[in-house]
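> Below: one structure in structure tokens.
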Amino acid sequence: MARKPHDLVHPPKARPGERIAVLSPSFAAAGAFPAVHEQAMQRLSEVTGLTPVEFPTTRQVGASPQARAADVNAAFADPAIRAVLAVIGGEDQITVIPHLDASLARRDPKPFLGTSDNTNLHHWLWVNGIASFYGGSSQVHLGPGPGVDDVHAQSLRAALLTGETIELTEPGESEDCGIDWGDPRALTHFGEREPAEAWTWHGPARSVTGRTWGGCIAVIEWILTAGRFPFDPEVLHGGALVIETSEELPPAREVGSILRSLGERGILAAVGAVLAARPPVSDFTRRPPAGERAGLRAGQRDVIVDIVGRYNPEAVVCIGIPFGHTRPQWVIPHGGVITVDGAARRVIAEPTTPELAARRTAWMLIHCCYSHTRSTFTESELGQKITKRSQEPSPALAGRAARPSPVPASDRRPLVLPGCYQVPTGSRTPGTGLARELWSRSSGRVRVPAGDRARGAHLTRPGWVIARVATAFAEGERASRAGNRLPDGG
């Protein structure tokens with residue numbers, strides 16, 4: 001198993017007017033129920049400003065795994081495609097994964113959105129170093145009903161276009177399933193909605209900020225069984241496990257069995273938080289009375305709390321967030337940063353655009369440079385400090401970095417780092433000029449002249465800070481489309 005840190009790239013956002021691939025890597029619901037699909041494509045354009053592009057198997061019911069994989073490969077290979085959205089899940093996407101070409105996705109990473117069986121694709125991307133977004137089935141959340149739910153539209157735009165910070169909140173109502181897509185009323189009416197229960201919080205009253213990993217819990221079990229998580233569980237250290245259950249309506253005992261297996265694998269002990277989505281407990285053929293439905297949800301909640309508590313009593317647990325198989329649905333990061341605050345009882349998905357990731361890196365480096373200038377430390381020690389700071393919300397870092405340094409400029413010691421850039425401070429307060437300079441240089445909006453690059457450089461006179469923003473600059477360059485290629489092997 002790989003034990004080294006696993007870096008993830010956050011693909012650049014699409015821009016209004018660009019093209020988004022709409023694929024059926026699992027079930028081709030677009031072909032089985034075309035009216036709903038066509039309304040979904042119209043709404044996708046209206047909500048995002050993107051142009052949907054279908055591929056050969058988007059509407060081909062029963063397409064082979066090889067053919068569906070060919071469409072995924074073609075979408076990542078086409079430079080005109082700037083994002084990928086799955087129509088819906090299914091049950092056999094695990095057979096598509098072996099036919100995918102990772103080099104295509106790595107060469108031009110793009111935002112991918114999908115849910116349910118698309119957990120397979122999310123994990124394939126994660127293994128290959130690419131973050132994605134869990135949620136966003138066009139056939140479920142865009143096509144049916146009188147319109148797109150506000151929370152879905154907001155988080156869909158954030159995932160595809162803006163990268164804005166999203167605080168997940170309770171929409172107040174929920175439905176387990178809509179009207180049958182073969183019924184014309186499906187185009188104009190929601191399913192039977194009911195008031196949603198408040199989320200429940202468990203574990204210590206502390207805040208956890210880290211990367212997300214997970215998906216549909218049944219599919220996670222398949223992925224682990226197939227041996228497609230080639231990492232030590234510690235790669236998930238301090239992150240947030242996100243889990244949800246499908247329209248198969250698994251009983252609480254089955255959910256508990258799978259979660260217990262994750263505990264035995266070491267995954268529960270590694271993470272800092274667990275988010276469990278509001279589970280569906282009814283479908284077209286089974287709709288128990290309201291009290292029984294509430295009892296089924298409570299049973300699943302209790303087993304999750306019990307098993308997580310056995311393996312990791314320090315984990316912050318929140319249950320009931322609508323990011324799974326119910327509607328309305330939030331689209332959440334997979335591999336991106338999320339904050340689970342057990343004290344304030346808030347869940348916040350932070351921006352993951354390359355530009356903002358670069359700015360976050362810059363703030364961390366500013367903070368390290370200005371907070372530790374009376375000490376000398378090696379590159380690895382600085383890396384450890386940066387890693388520790390990266391677990392904190394960026395506003396806190398920004399606030400700290402904006403404070404003037406208490407150390408006189410003449411007393412500041414050099415930091416010697418390979419692969420660095422020199423950036424003039426212009427003042428002793430890095431919250432203004434220096435921050436702006438770092439942001440512009442590291443986001444790719446301003447090219448750094450060759451004379452400003454300092455590989456293995458060190459501080460030669462007061463008034464200069466050596467900030468290691470090479471990685472951030474490369475991220476920004478990917479965002480500017482100068483070359484969206486990941487390095488080979490990681």
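Please note that chains go A, B, ... in the order of the structure tokens, that every chain numbers its residues from 1, and that ligands are numbered from 1 in the order shown.
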Find the residues near range 306-312 of chain A: any atom within 10 Å, counting only C-alpha atoms, skip ones fewer than 5 places away on the same chain, and give them as a list in words.
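Once the adjacent positions are removed, what remains is His202, Gly203, Gly256, Ser257, Leu259, Arg260, Leu262, Gly263, Glu264, Gly266, Ile267, Leu268, Ala269, Ala270, Val271, Gly272, Ala273, Val274, Arg301 and Val317 of chain A.
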> Hey, what's within 10 Å of range 157-161 of chain A if we count only C-alpha atoms and toss same-chain stuff fewer than 3 positions away? As a count of residues only, please?
39
> Enumerate the residues of range 201-255 of chain A with a DSSP assignment of alpha helix (DSSP H), computed from the backbone, and present them as a list in words.
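Alpha helix (DSSP H) members of range 201-255 of chain A, listed: Ile217, Ala218, Val219, Ile220, Glu221, Trp222, Ile223, Leu224, Thr225, Ala252, Arg253, Glu254 and Val255 of chain A.
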> Those selected residues, please, written with C-alpha atoms and delivered as a PDB file, in the first residue's frame.

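Contents of result.pdb, as written:
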```pdb
ATOM      1  CA  ILE A 217     -21.437   3.319   1.076  1.00  0.00           C
ATOM      2  CA  ALA A 218     -22.405   0.193  -0.887  1.00  0.00           C
ATOM      3  CA  VAL A 219     -20.176   1.238  -3.791  1.00  0.00           C
ATOM      4  CA  ILE A 220     -17.310   2.002  -1.412  1.00  0.00           C
ATOM      5  CA  GLU A 221     -17.552  -1.618  -0.285  1.00  0.00           C
ATOM      6  CA  TRP A 222     -17.328  -2.796  -3.914  1.00  0.00           C
ATOM      7  CA  ILE A 223     -14.301  -0.576  -4.561  1.00  0.00           C
ATOM      8  CA  LEU A 224     -12.449  -1.889  -1.520  1.00  0.00           C
ATOM      9  CA  THR A 225     -13.349  -5.471  -2.447  1.00  0.00           C
ATOM     10  CA  ALA A 252     -29.562  -0.187   9.258  1.00  0.00           C
ATOM     11  CA  ARG A 253     -27.907  -3.536   9.974  1.00  0.00           C
ATOM     12  CA  GLU A 254     -26.410  -3.674   6.486  1.00  0.00           C
ATOM     13  CA  VAL A 255     -25.165  -0.092   6.716  1.00  0.00           C
TER      14      VAL A 255
END
```
> Residues of range 245-356 of chain A that approach range 115-128 of chain A to 8 Å or less, counting only C-alpha atoms: could you list each one with the shortest pair of atoms and its distance in Å to one decimal, rows by chain and increasing residue number, as a tab-separated table?

```
residue	atom	partner	partner_atom	distance
A:Ser246	CA	A:Ser116	CA	6.7
A:Gly324	CA	A:Thr115	CA	7.3
A:His325	CA	A:Ser116	CA	7.5
A:His334	CA	A:His122	CA	7.3
A:Gly335	CA	A:Trp126	CA	6.9
```
> Just list as a PyMOL selection string whatever in range 63-124 of chain A DSSP marks as strand (DSSP E).
chain A and resi 81-86+112-114
> Report as a count of residues only all protein, DNA and RNA residues lying within 6 Å of Phe323 in chain A, evaluated on only C-alpha atoms, omitting residues in the same chain fewer than 6 positions from it.
3
> Using only C-alpha atoms, which of the listed residues (A:Cys177, A:Ile94, A:Ile81, A:Ala69) sits closest to Gly227 in chain A?
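With only C-alpha atoms as the atom set, the closest residue is A:Ile94.
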